$ cat data09.txt   # compact mmCIF, C-alpha atoms
# COMPACT_ATOMS: atom_id res chain seq x y z
CA MET I 255 -15.68 -8.99 -8.14
CA ALA I 256 -16.30 -10.01 -4.55
CA GLU I 257 -13.54 -11.98 -2.93
CA PRO I 258 -14.03 -15.55 -1.66
CA MET I 259 -15.30 -16.31 1.83
CA LYS I 260 -13.56 -18.56 4.24
CA ILE I 261 -15.94 -21.20 5.60
CA ARG I 262 -15.34 -23.80 8.28
CA ALA I 263 -17.91 -26.32 9.43
CA SER I 264 -17.49 -29.13 11.89
CA THR I 265 -19.85 -31.52 13.64
CA VAL I 266 -19.67 -31.96 17.38
CA GLY I 267 -22.22 -34.33 18.93
CA ASP I 268 -25.61 -33.74 17.32
CA SER I 269 -24.97 -30.25 16.05
CA THR I 270 -22.78 -28.56 13.47
CA GLU I 271 -20.86 -25.38 14.03
CA VAL I 272 -20.38 -23.11 11.04
CA LYS I 273 -17.84 -20.30 10.95
CA VAL I 274 -17.73 -17.86 8.07
CA LEU I 275 -15.38 -15.00 7.28
CA MET I 276 -16.58 -12.64 4.57
CA SER I 277 -14.56 -10.03 2.76
CA HIS I 278 -16.62 -6.86 2.55
CA GLU I 279 -16.14 -3.14 3.11
CA MET I 280 -19.43 -2.72 5.04
CA GLU I 281 -19.54 1.06 4.60
CA THR I 282 -22.03 2.63 6.94
CA GLY I 283 -22.79 5.68 4.84
CA GLN I 284 -21.77 7.84 7.80
CA ARG I 285 -18.12 8.26 6.92
CA LYS I 286 -16.55 10.97 4.80
CA ASP I 287 -13.54 10.69 2.53
CA ALA I 288 -10.50 12.99 2.49
CA LYS I 289 -12.40 15.53 0.36
CA GLY I 290 -15.30 15.68 2.81
CA GLN I 291 -17.65 13.76 0.52
CA VAL I 292 -19.93 11.21 2.17
CA ILE I 293 -18.90 7.65 1.32
CA PRO I 294 -22.11 5.95 0.21
CA ALA I 295 -23.42 3.05 2.27
CA TRP I 296 -22.35 -0.33 0.96
CA PHE I 297 -23.13 -3.37 3.03
CA ILE I 298 -24.27 -6.97 3.00
CA GLN I 299 -28.05 -7.09 3.18
CA ASN I 300 -28.97 -10.73 3.05
CA VAL I 301 -27.13 -13.82 4.20
CA THR I 302 -28.42 -17.32 3.57
CA VAL I 303 -26.83 -20.54 4.70
CA THR I 304 -28.06 -23.90 3.46
CA TRP I 305 -27.20 -27.37 4.68
CA ASN I 306 -27.43 -29.61 1.64
CA ASP I 307 -30.66 -28.03 0.28
CA LYS I 308 -32.26 -26.96 3.52
CA THR I 309 -31.97 -23.36 4.68
CA VAL I 310 -30.56 -23.28 8.21
CA LEU I 311 -29.91 -19.57 8.51
CA SER I 312 -31.40 -16.56 6.83
CA ALA I 313 -30.40 -13.11 8.02
CA GLN I 314 -30.97 -9.50 7.11
CA TRP I 315 -27.99 -7.37 7.89
CA GLY I 316 -27.46 -3.65 8.16
CA THR I 317 -24.70 -1.14 8.56
CA ALA I 318 -23.99 -2.06 12.18
CA ILE I 319 -22.12 -5.19 11.09
CA SER I 320 -18.35 -4.78 11.02
CA LYS I 321 -16.07 -4.70 8.03
CA ASN I 322 -14.89 -8.18 6.96
CA PRO I 323 -17.61 -9.81 9.08
CA PHE I 324 -17.19 -13.03 11.01
CA LEU I 325 -20.32 -15.16 11.46
CA SER I 326 -20.49 -18.18 13.71
CA PHE I 327 -23.57 -20.29 14.51
CA LYS I 328 -24.70 -23.83 15.27
CA PHE I 329 -27.56 -25.89 13.93
CA LYS I 330 -28.93 -29.28 14.94
CA GLY I 331 -27.97 -32.10 12.63
CA GLY I 332 -25.33 -32.28 9.96
CA ALA I 333 -22.81 -34.98 9.28
CA LYS I 334 -19.32 -35.27 7.90
CA GLY I 335 -19.29 -34.64 4.17
CA ASP I 336 -22.48 -32.55 4.06
CA ARG I 337 -22.42 -29.41 1.96
CA ILE I 338 -22.74 -25.99 3.54
CA THR I 339 -23.50 -23.19 1.13
CA VAL I 340 -23.24 -19.56 2.15
CA THR I 341 -24.59 -16.74 0.00
CA TRP I 342 -24.59 -13.03 0.63
CA THR I 343 -26.11 -10.19 -1.34
CA ASP I 344 -25.19 -6.56 -0.76
CA ASN I 345 -27.13 -3.37 -1.34
CA ARG I 346 -25.38 -2.82 -4.69
CA GLY I 347 -26.73 -6.14 -5.88
CA ASP I 348 -23.31 -7.76 -5.74
CA ARG I 349 -23.39 -11.34 -4.49
CA ARG I 350 -21.11 -14.17 -3.61
CA THR I 351 -21.68 -17.86 -2.96
CA ASP I 352 -19.16 -20.26 -1.47
CA VAL I 353 -19.43 -23.90 -0.53
CA ALA I 354 -17.73 -25.87 2.21
CA VAL I 355 -17.85 -29.49 3.28
CA VAL I 356 -18.55 -30.38 6.91
CA ALA I 357 -15.44 -31.79 8.55
CA MET O 65 -25.78 -4.87 60.18
CA ILE O 66 -27.14 -4.81 56.66
CA ALA O 67 -26.62 -1.08 56.47
CA ALA O 68 -23.02 -1.42 57.57
CA ARG O 69 -22.37 -4.11 55.06
CA SER O 70 -23.77 -2.17 52.12
CA CYS O 71 -21.80 0.84 53.24
CA LEU O 72 -18.65 -1.22 53.08
CA ALA O 73 -19.64 -2.60 49.73
CA LEU O 74 -20.17 0.89 48.40
CA PHE O 75 -16.72 1.88 49.60
CA ALA O 76 -15.19 -1.09 47.86
CA VAL O 77 -16.99 -0.24 44.63
CA MET O 78 -15.75 3.32 44.73
CA LEU O 79 -12.17 2.21 45.16
CA ALA O 80 -12.23 -0.55 42.62
CA PRO O 81 -12.47 1.28 39.28
CA ALA O 82 -9.37 3.39 39.76
CA VAL O 83 -7.25 0.45 40.83
CA MET O 84 -8.60 -2.06 38.37
CA ALA O 85 -9.30 -0.01 35.26
CA GLN O 86 -6.09 -0.87 33.49
CA GLY O 87 -6.02 -4.56 34.36
CA SER O 88 -9.64 -5.16 33.48
CA THR O 89 -9.35 -3.39 30.13
CA ALA O 90 -6.43 -5.63 29.22
CA ASP O 91 -8.51 -8.63 30.36
CA GLU O 92 -11.47 -7.54 28.28
CA ILE O 93 -9.27 -7.11 25.22
CA ALA O 94 -7.84 -10.59 25.85
CA LYS O 95 -11.38 -12.02 25.99
CA TYR O 96 -12.29 -10.23 22.79
CA ARG O 97 -9.22 -11.64 21.06
CA GLU O 98 -10.06 -15.12 22.27
CA ALA O 99 -13.61 -14.86 20.95
CA LEU O 100 -12.34 -13.88 17.53
CA GLN O 101 -9.42 -16.28 17.42
CA GLN O 102 -11.22 -18.63 15.05
CA GLY O 103 -12.45 -15.74 12.97
CA ASN O 104 -9.46 -13.52 12.36
CA PRO O 105 -10.11 -11.69 9.08
CA ALA O 106 -6.35 -11.90 8.45
CA GLU O 107 -7.18 -15.32 7.00
CA LEU O 108 -8.70 -13.54 4.02
CA TRP O 109 -5.33 -11.87 3.44
CA GLU O 110 -3.49 -15.14 3.92
CA ALA O 111 -5.62 -16.80 1.25
CA ARG O 112 -5.02 -13.93 -1.15
CA GLY O 113 -1.30 -14.00 -0.38
CA GLU O 114 -1.03 -17.70 -1.12
CA ASP O 115 -2.67 -17.16 -4.50
CA LEU O 116 -0.33 -14.27 -5.26
CA TRP O 117 2.69 -16.36 -4.34
CA LYS O 118 1.74 -19.08 -6.82
CA GLN O 119 0.45 -16.77 -9.52
CA LYS O 120 2.62 -15.96 -12.55
CA ARG O 121 3.13 -12.20 -12.49
CA GLY O 122 5.04 -9.37 -14.17
CA PRO O 123 6.71 -9.03 -17.58
CA LYS O 124 8.74 -12.21 -16.98
CA ASN O 125 5.55 -14.12 -16.19
CA ALA O 126 7.09 -15.82 -13.16
CA SER O 127 5.69 -16.88 -9.81
CA PHE O 128 7.57 -16.62 -6.52
CA GLU O 129 8.49 -20.30 -6.68
CA ARG O 130 12.15 -19.43 -7.17
CA CYS O 131 12.12 -16.64 -4.59
CA ASP O 132 14.57 -17.41 -1.80
CA LEU O 133 13.41 -16.10 1.56
CA GLY O 134 16.54 -17.44 3.20
CA GLN O 135 15.58 -21.11 3.49
CA GLY O 136 16.12 -21.98 -0.18
CA PRO O 137 14.17 -21.09 -3.36
CA GLY O 138 10.44 -21.27 -2.81
CA VAL O 139 10.68 -22.40 0.83
CA VAL O 140 8.18 -20.43 2.88
CA LYS O 141 7.71 -22.67 5.90
CA GLY O 142 9.49 -21.14 8.88
CA ALA O 143 11.14 -18.44 6.74
CA TYR O 144 9.51 -15.46 8.45
CA ALA O 145 10.72 -16.49 11.92
CA ARG O 146 14.33 -16.26 10.67
CA LEU O 147 14.10 -12.88 9.00
CA PRO O 148 15.71 -10.36 8.67
CA LYS O 149 18.88 -12.10 7.58
CA TYR O 150 21.97 -11.68 5.44
CA PHE O 151 21.57 -12.64 1.78
CA PRO O 152 24.87 -13.33 -0.04
CA ASP O 153 23.31 -12.72 -3.50
CA VAL O 154 22.76 -9.04 -2.67
CA ASP O 155 25.44 -8.81 0.03
CA LYS O 156 23.12 -7.19 2.52
CA VAL O 157 20.60 -7.82 5.27
CA MET O 158 16.96 -7.85 4.15
CA ASP O 159 13.64 -8.16 5.88
CA VAL O 160 10.70 -10.01 4.33
CA GLU O 161 9.36 -7.02 2.43
CA GLN O 162 12.73 -5.96 1.02
CA ARG O 163 13.25 -9.54 -0.10
CA LEU O 164 9.84 -9.63 -1.76
CA VAL O 165 10.59 -6.37 -3.58
CA TYR O 166 13.89 -7.95 -4.68
CA CYS O 167 12.08 -11.07 -5.95
CA MET O 168 9.47 -9.00 -7.77
CA THR O 169 12.10 -6.91 -9.54
CA THR O 170 14.55 -9.71 -10.39
CA LEU O 171 12.34 -12.76 -10.94
CA GLN O 172 9.15 -11.17 -12.20
CA GLY O 173 10.69 -8.13 -13.88
CA ILE O 174 8.37 -5.69 -12.13
CA PRO O 175 9.93 -2.21 -11.76
CA GLU O 176 10.63 -1.28 -8.15
CA VAL O 177 8.21 1.65 -8.27
CA GLU O 178 5.45 -0.77 -9.24
CA ALA O 179 6.51 -3.35 -6.68
CA VAL O 180 6.14 -1.00 -3.72
CA LYS O 181 3.02 0.76 -5.04
CA ASN O 182 0.07 0.59 -2.63
CA HIS O 183 2.28 -1.03 -0.04
CA PHE O 184 -0.23 -0.08 2.64
CA GLY O 185 -3.68 -1.21 1.57
CA ASN O 186 -6.82 0.87 1.91
CA GLY O 187 -10.05 -1.04 1.46
CA SER O 188 -11.19 -2.88 -1.63
CA GLU O 189 -10.10 -0.07 -3.97
CA GLN O 190 -6.48 -0.24 -2.91
CA ARG O 191 -5.58 -3.82 -2.12
CA SER O 192 -1.97 -4.30 -1.10
CA VAL O 193 -0.09 -7.15 -2.73
CA MET O 194 2.61 -6.82 -0.09
CA GLU O 195 0.32 -7.09 2.94
CA ALA O 196 -1.32 -10.21 1.52
CA LEU O 197 1.99 -11.88 0.70
CA VAL O 198 3.49 -11.06 4.09
CA ALA O 199 0.34 -12.28 5.87
CA TRP O 200 0.62 -15.64 4.14
CA ILE O 201 4.39 -15.96 4.57
CA ALA O 202 4.06 -15.11 8.27
CA SER O 203 1.23 -17.62 8.71
CA GLU O 204 3.60 -20.31 7.42
CA SER O 205 5.83 -19.62 10.43
CA ARG O 206 3.06 -19.96 12.99
CA GLY O 207 4.36 -22.04 15.89
CA ALA O 208 7.98 -21.69 14.82
CA THR O 209 10.62 -20.39 17.21
CA ILE O 210 11.92 -16.92 16.41
CA ASP O 211 15.55 -17.47 15.51
CA VAL O 212 17.19 -14.38 14.02
CA SER O 213 20.94 -14.63 13.69
CA VAL O 214 23.49 -11.85 14.14
CA ALA O 215 26.40 -14.17 13.33
CA HIS O 216 27.31 -12.49 10.05
CA PRO O 217 29.14 -9.14 10.38
CA LYS O 218 26.47 -7.44 8.24
CA GLU O 219 23.74 -8.83 10.48
CA LYS O 220 25.62 -7.59 13.52
CA GLU O 221 26.00 -4.21 11.85
CA ALA O 222 22.27 -4.01 11.12
CA TYR O 223 21.47 -4.99 14.69
CA GLU O 224 23.75 -2.30 16.10
CA LEU O 225 22.28 0.30 13.75
CA GLY O 226 18.82 -0.77 14.85
CA ARG O 227 19.80 -0.38 18.48
CA GLN O 228 21.05 3.14 17.76
CA MET O 229 17.78 3.97 16.02
CA PHE O 230 15.81 2.60 18.95
CA PHE O 231 17.50 5.02 21.36
CA TYR O 232 17.83 7.95 18.94
CA ARG O 233 15.93 10.94 20.25
CA ALA O 234 14.73 13.54 17.76
CA GLY O 235 11.76 15.33 16.28
CA PRO O 236 9.55 18.07 17.75
CA TYR O 237 8.69 15.84 20.73
CA ASP O 238 12.31 14.80 21.32
CA PHE O 239 11.12 11.19 21.27
CA ALA O 240 12.89 7.91 20.74
CA CYS O 241 11.40 4.41 20.48
CA ALA O 242 12.87 3.89 23.94
CA THR O 243 10.79 6.75 25.37
CA CYS O 244 7.70 4.53 25.26
CA HIS O 245 9.19 1.06 24.87
CA GLY O 246 12.26 1.08 27.09
CA GLU O 247 10.59 0.68 30.47
CA ALA O 248 8.03 -1.68 31.96
CA GLY O 249 4.46 -0.64 32.80
CA LYS O 250 4.02 2.22 30.33
CA ARG O 251 0.85 2.86 28.39
CA ILE O 252 -0.81 5.17 25.89
CA ARG O 253 -4.35 5.85 27.09
CA LEU O 254 -5.53 2.30 27.91
CA GLN O 255 -3.14 0.51 25.63
CA ASP O 256 -0.35 -1.25 27.52
CA LEU O 257 3.00 -0.69 25.86
CA PRO O 258 5.54 -3.50 25.67
CA ASP O 259 9.01 -2.93 27.07
CA LEU O 260 10.90 -4.01 23.98
CA LEU O 261 14.17 -4.39 25.89
CA ALA O 262 12.65 -7.09 28.11
CA THR O 263 12.72 -10.52 26.47
CA LYS O 264 9.15 -11.57 27.33
CA ASP O 265 7.56 -8.35 26.07
CA ALA O 266 9.79 -8.28 23.00
CA GLN O 267 8.82 -11.84 22.13
CA ARG O 268 5.11 -11.21 22.56
CA ALA O 269 5.28 -8.03 20.49
CA TYR O 270 7.38 -9.40 17.66
CA ALA O 271 5.54 -12.72 17.50
CA THR O 272 2.19 -11.03 16.85
CA TRP O 273 3.02 -8.92 13.81
CA PRO O 274 1.71 -8.85 11.12
CA GLY O 275 -1.76 -8.43 12.54
CA TYR O 276 -5.29 -7.63 11.47
CA ARG O 277 -6.04 -4.20 12.88
CA VAL O 278 -9.71 -4.00 13.69
CA SER O 279 -9.58 -0.19 13.85
CA GLN O 280 -8.28 -0.04 10.27
CA GLY O 281 -9.88 -3.15 8.83
CA GLU O 282 -6.54 -4.10 7.31
CA VAL O 283 -3.67 -6.48 7.90
CA ARG O 284 -0.63 -4.42 8.84
CA THR O 285 2.95 -5.62 8.73
CA MET O 286 6.03 -4.71 10.77
CA GLN O 287 6.84 -2.06 8.13
CA HIS O 288 3.55 -0.36 8.89
CA ARG O 289 3.95 -0.76 12.65
CA LEU O 290 7.30 1.04 12.53
CA TYR O 291 6.05 3.61 10.03
CA ASP O 292 3.18 4.37 12.40
CA CYS O 293 5.48 4.56 15.45
CA TYR O 294 7.61 7.12 13.62
CA ARG O 295 4.49 9.03 12.62
CA GLN O 296 3.36 9.12 16.25
CA GLN O 297 6.79 10.41 17.23
CA ARG O 298 6.45 13.11 14.53
CA PHE O 299 9.52 11.88 12.68
CA PRO O 300 9.78 12.23 8.90
CA GLU O 301 8.10 9.29 7.17
CA PRO O 302 10.56 6.41 6.81
CA LYS O 303 11.04 5.06 3.30
CA TYR O 304 9.17 1.80 2.69
CA ALA O 305 11.38 -1.30 2.68
CA SER O 306 14.47 0.77 3.45
CA ASP O 307 17.66 -0.49 5.08
CA GLY O 308 16.89 1.64 8.13
CA ILE O 309 13.57 -0.06 8.83
CA THR O 310 15.23 -3.43 8.26
CA ALA O 311 17.92 -2.52 10.81
CA LEU O 312 15.34 -1.55 13.41
CA THR O 313 13.36 -4.73 12.65
CA MET O 314 16.60 -6.68 13.08
CA PHE O 315 17.07 -5.18 16.55
CA LEU O 316 13.49 -6.03 17.57
CA ALA O 317 13.53 -9.50 16.00
CA HIS O 318 16.81 -10.57 17.54
CA ASN O 319 15.64 -9.38 20.95
CA ALA O 320 12.60 -11.62 20.51
CA ASN O 321 14.67 -14.73 19.80
CA GLY O 322 13.33 -17.86 21.45
CA GLY O 323 9.73 -16.65 21.33
CA ARG O 324 7.02 -18.71 19.65
CA PHE O 325 5.86 -17.01 16.47
CA ASP O 326 2.08 -16.61 16.36
CA ALA O 327 0.97 -14.26 13.61
CA PRO O 328 -0.99 -12.89 11.81
CA ALA O 329 -2.61 -11.92 15.08
CA LEU O 330 -5.62 -9.83 15.89
CA LYS O 331 -4.88 -6.29 16.93
CA ARG O 332 -7.09 -3.55 18.25

$ encode --input "data09.txt" --output "structure tokens"
Amino acid sequence: MAEPMKIRASTVGDSTEVKVLMSHEMETGQRKDAKGQVIPAWFIQNVTVTWNDKTVLSAQWGTAISKNPFLSFKFKGGAKGDRITVTWTDNRGDRRTDVAVVA
Amino acid sequence: MIAARSCLALFAVMLAPAVMAQGSTADEIAKYREALQQGNPAELWEARGEDLWKQKRGPKNASFERCDLGQGPGVVKGAYARLPKYFPDVDKVMDVEQRLVYCMTTLQGIPEVEAVKNHFGNGSEQRSVMEALVAWIASESRGATIDVSVAHPKEKEAYELGRQMFFYRAGPYDFACATCHGEAGKRIRLQDLPDLLATKDAQRAYATWPGYRVSQGEVRTMQHRLYDCYRQQRFPEPKYASDGITALTMFLAHNANGGRFDAPALKR
């Protein structure tokens, strides 16, 4: 159901920069539709990023994160060809995992 | 001495906001755009558009591989920067969306009503095929020089019609496009408005559509930009992918000739 993420990872010096674009509505639960009904909250709750098999980022998100979020971070280490795996889970239990190779 | 200095400083601070408000807002927006340059969500649309282009669709089970955007069947690279243009097979000038509707109806056998359904997307429940396709096609012209011809009589005709539309005043506000976009230094609230008759402004404006609109969370195309301008002018809603919108696009595109195409961009 969920659409693919766009992941970029590149190594500069001794650290690796990871950039992720996720496709998600990120409804806050504060908005109303045309009929005046509250649109239920629907957002990414957990984000995990692993480098090969090691977790390098683990985050708990809430409704303050924008729609179609963009996440960028650096970690020490990483080399060309390593696998970066990003997984998110939302509050409806929907999840998505995508893999990228460090350039 | 210290007292005098701080008094002066206070004076300067009081003067500054009024003078600088507009410039600094534009600067801040520029910084914001720069920060998000590598993370423009429009890329998600581009990826979806590329899939849609290659996918076999419709009753005829055909992809867009034989769709001619003006540079030969299936050629996408640089096509957007040369649209709208005259197409001999239909004997008229078309913009990218009209051409896509044409390809969907002729190549894929999709009825026109279906082809233009959900042309403006609204979240994950109403994904727009058109916006994704246009985002991808436009991205394939990134870096190209805008080069829209008015050599053919029909192209010239569309351009002239577009010019008329640009200056045509009507509606309850007695507005024309030119009311806001025909003079330098105008703005709506804090948003600087481009003078679309000046080459530099016209290039910058035309080169950055389609764009991901942060306020809407959607990629919007030129069709939507013009639809929204007409809405703001309180005109009747223009028909999607109509010859009128193509004519106005022709006027704007040709005025932007020579500019470096750089879309999908990030918009407020």

$ atom_distance --input "data09.txt" --atom1 "atom CA of Tyr144 of chain O" --atom2 "atom CA of Gly187 of chain O"
25.3 Å

$ residues_around --input "data09.txt" --residues "Ala262 of chain O" --least-positions-apart "4" --cutoff "12 Å" --atoms "all atoms listed in the file" --output "mmCIF file with C-alpha atoms, in the coordinates of the input"
data_model
loop_
_atom_site.group_PDB
_atom_site.id
_atom_site.type_symbol
_atom_site.label_atom_id
_atom_site.label_comp_id
_atom_site.auth_asym_id
_atom_site.auth_seq_id
_atom_site.Cartn_x
_atom_site.Cartn_y
_atom_site.Cartn_z
ATOM 1 C CA ALA O 242 12.870 3.890 23.940
ATOM 2 C CA HIS O 245 9.190 1.060 24.870
ATOM 3 C CA GLY O 246 12.260 1.080 27.090
ATOM 4 C CA GLU O 247 10.590 0.680 30.470
ATOM 5 C CA ALA O 248 8.030 -1.680 31.960
ATOM 6 C CA GLY O 249 4.460 -0.640 32.800
ATOM 7 C CA LEU O 257 3.000 -0.690 25.860
ATOM 8 C CA PRO O 258 5.540 -3.500 25.670
ATOM 9 C CA ALA O 266 9.790 -8.280 23.000
ATOM 10 C CA GLN O 267 8.820 -11.840 22.130
ATOM 11 C CA ARG O 268 5.110 -11.210 22.560
ATOM 12 C CA ALA O 269 5.280 -8.030 20.490
ATOM 13 C CA TYR O 270 7.380 -9.400 17.660
ATOM 14 C CA LEU O 316 13.490 -6.030 17.570
ATOM 15 C CA HIS O 318 16.810 -10.570 17.540
ATOM 16 C CA ASN O 319 15.640 -9.380 20.950
ATOM 17 C CA ALA O 320 12.600 -11.620 20.510
ATOM 18 C CA ASN O 321 14.670 -14.730 19.800
#

$ atom_distance --input "data09.txt" --atom1 "atom CA of Arg146 of chain O" --atom2 "atom CA of Asp115 of chain O"
22.8 Å

$ atom_distance --input "data09.txt" --atom1 "atom CA of Pro300 of chain O" --atom2 "atom CA of Ile252 of chain O"
21.2 Å

$ residues_around --input "data09.txt" --residues "Arg285 of chain I" --least-positions-apart "4" --cutoff "12 Å" --atoms "only C-alpha atoms" --output "PyMOL selection string"
chain I and resi 280-281+289-296+317

$ residues_around --input "data09.txt" --residues "Ser312 of chain I" --least-positions-apart "6" --cutoff "8 Å" --atoms "only C-alpha atoms" --output "PyMOL selection string"
chain I and resi 300-303

$ interface_residues --input "data09.txt" --of "chain O" --to "chain I" --cutoff "10 Å" --atoms "all atoms listed in the file" --output "list of chain:residue names"
O:Leu100, O:Gln102, O:Gly103, O:Asn104, O:Pro105, O:Ala106, O:Glu107, O:Leu108, O:Trp109, O:Ala111, O:Arg112, O:Gly187, O:Ser188, O:Glu189, O:Val278, O:Ser279, O:Gln280, O:Gly281, O:Glu282

$ write_last_selection --input "data09.txt" --atoms "C-alpha atoms" --output "short mmCIF file (atom, residue, chain, number, x, y, z; two decimals), keeping the file's coordinate frame"
data_model
loop_
_atom_site.label_atom_id
_atom_site.label_comp_id
_atom_site.auth_asym_id
_atom_site.auth_seq_id
_atom_site.Cartn_x
_atom_site.Cartn_y
_atom_site.Cartn_z
CA LEU O 100 -12.34 -13.88 17.53
CA GLN O 102 -11.22 -18.63 15.05
CA GLY O 103 -12.45 -15.74 12.97
CA ASN O 104 -9.46 -13.52 12.36
CA PRO O 105 -10.11 -11.69 9.08
CA ALA O 106 -6.35 -11.90 8.45
CA GLU O 107 -7.18 -15.32 7.00
CA LEU O 108 -8.70 -13.54 4.02
CA TRP O 109 -5.33 -11.87 3.44
CA ALA O 111 -5.62 -16.80 1.25
CA ARG O 112 -5.02 -13.93 -1.15
CA GLY O 187 -10.05 -1.04 1.46
CA SER O 188 -11.19 -2.88 -1.63
CA GLU O 189 -10.10 -0.07 -3.97
CA VAL O 278 -9.71 -4.00 13.69
CA SER O 279 -9.58 -0.19 13.85
CA GLN O 280 -8.28 -0.04 10.27
CA GLY O 281 -9.88 -3.15 8.83
CA GLU O 282 -6.54 -4.10 7.31
#

$ residues_around --input "data09.txt" --residues "Lys181 of chain O" --least-positions-apart "5" --cutoff "10 Å" --atoms "all atoms listed in the file" --output "list of chain:residue names"
O:Glu176, O:Gln190, O:Ser192, O:Val193, O:Met194, O:Tyr304

$ closest_residue --input "data09.txt" --among "O:Val139, O:Ile309, O:Ala327, O:Val165" --to "Leu225 of chain O" --atoms "all atoms listed in the file"
O:Ile309

$ residues_near_point --input "data09.txt" --point "(-14.3, -32.0, 8.2)" --cutoff "12 Å" --atoms "all atoms listed in the file" --output "CSV table (one decimal) with C-alpha atoms, in the coordinates of the input"
chain,number,residue,atom,x,y,z
I,261,ILE,CA,-15.9,-21.2,5.6
I,262,ARG,CA,-15.3,-23.8,8.3
I,263,ALA,CA,-17.9,-26.3,9.4
I,264,SER,CA,-17.5,-29.1,11.9
I,265,THR,CA,-19.8,-31.5,13.6
I,266,VAL,CA,-19.7,-32.0,17.4
I,270,THR,CA,-22.8,-28.6,13.5
I,271,GLU,CA,-20.9,-25.4,14.0
I,272,VAL,CA,-20.4,-23.1,11.0
I,332,GLY,CA,-25.3,-32.3,10.0
I,333,ALA,CA,-22.8,-35.0,9.3
I,334,LYS,CA,-19.3,-35.3,7.9
I,335,GLY,CA,-19.3,-34.6,4.2
I,336,ASP,CA,-22.5,-32.6,4.1
I,337,ARG,CA,-22.4,-29.4,2.0
I,338,ILE,CA,-22.7,-26.0,3.5
I,354,ALA,CA,-17.7,-25.9,2.2
I,355,VAL,CA,-17.8,-29.5,3.3
I,356,VAL,CA,-18.6,-30.4,6.9
I,357,ALA,CA,-15.4,-31.8,8.6

$ residues_around --input "data09.txt" --residues "Thr339 of chain I" --least-positions-apart "5" --cutoff "7 Å" --atoms "all atoms listed in the file" --output "list in words"
Val303, Thr304, Trp305, Thr351, Asp352, Val353 and Ala354 of chain I

$ write_last_selection --input "data09.txt" --atoms "C-alpha atoms" --output "PDB file, in the frame of the given file"
ATOM      1  CA  VAL I 303     -26.830 -20.540   4.700  1.00  0.00           C
ATOM      2  CA  THR I 304     -28.060 -23.900   3.460  1.00  0.00           C
ATOM      3  CA  TRP I 305     -27.200 -27.370   4.680  1.00  0.00           C
ATOM      4  CA  THR I 351     -21.680 -17.860  -2.960  1.00  0.00           C
ATOM      5  CA  ASP I 352     -19.160 -20.260  -1.470  1.00  0.00           C
ATOM      6  CA  VAL I 353     -19.430 -23.900  -0.530  1.00  0.00           C
ATOM      7  CA  ALA I 354     -17.730 -25.870   2.210  1.00  0.00           C
TER       8      ALA I 354
END

$ axis_aligned_box --input "data09.txt" --around "segment 144-163 of chain O" --padding-each-side "8 Å" --output "lines of an AutoDock Vina configuration file"
center_x = 17.4
center_y = -11.2
center_z = 4.2
size_x = 32.1
size_y = 26.5
size_z = 31.4

$ closest_residue --input "data09.txt" --among "O:Leu116, O:Leu147, O:Ala126, O:Ala94" --to "Val214 of chain O" --atoms "only C-alpha atoms"
O:Leu147
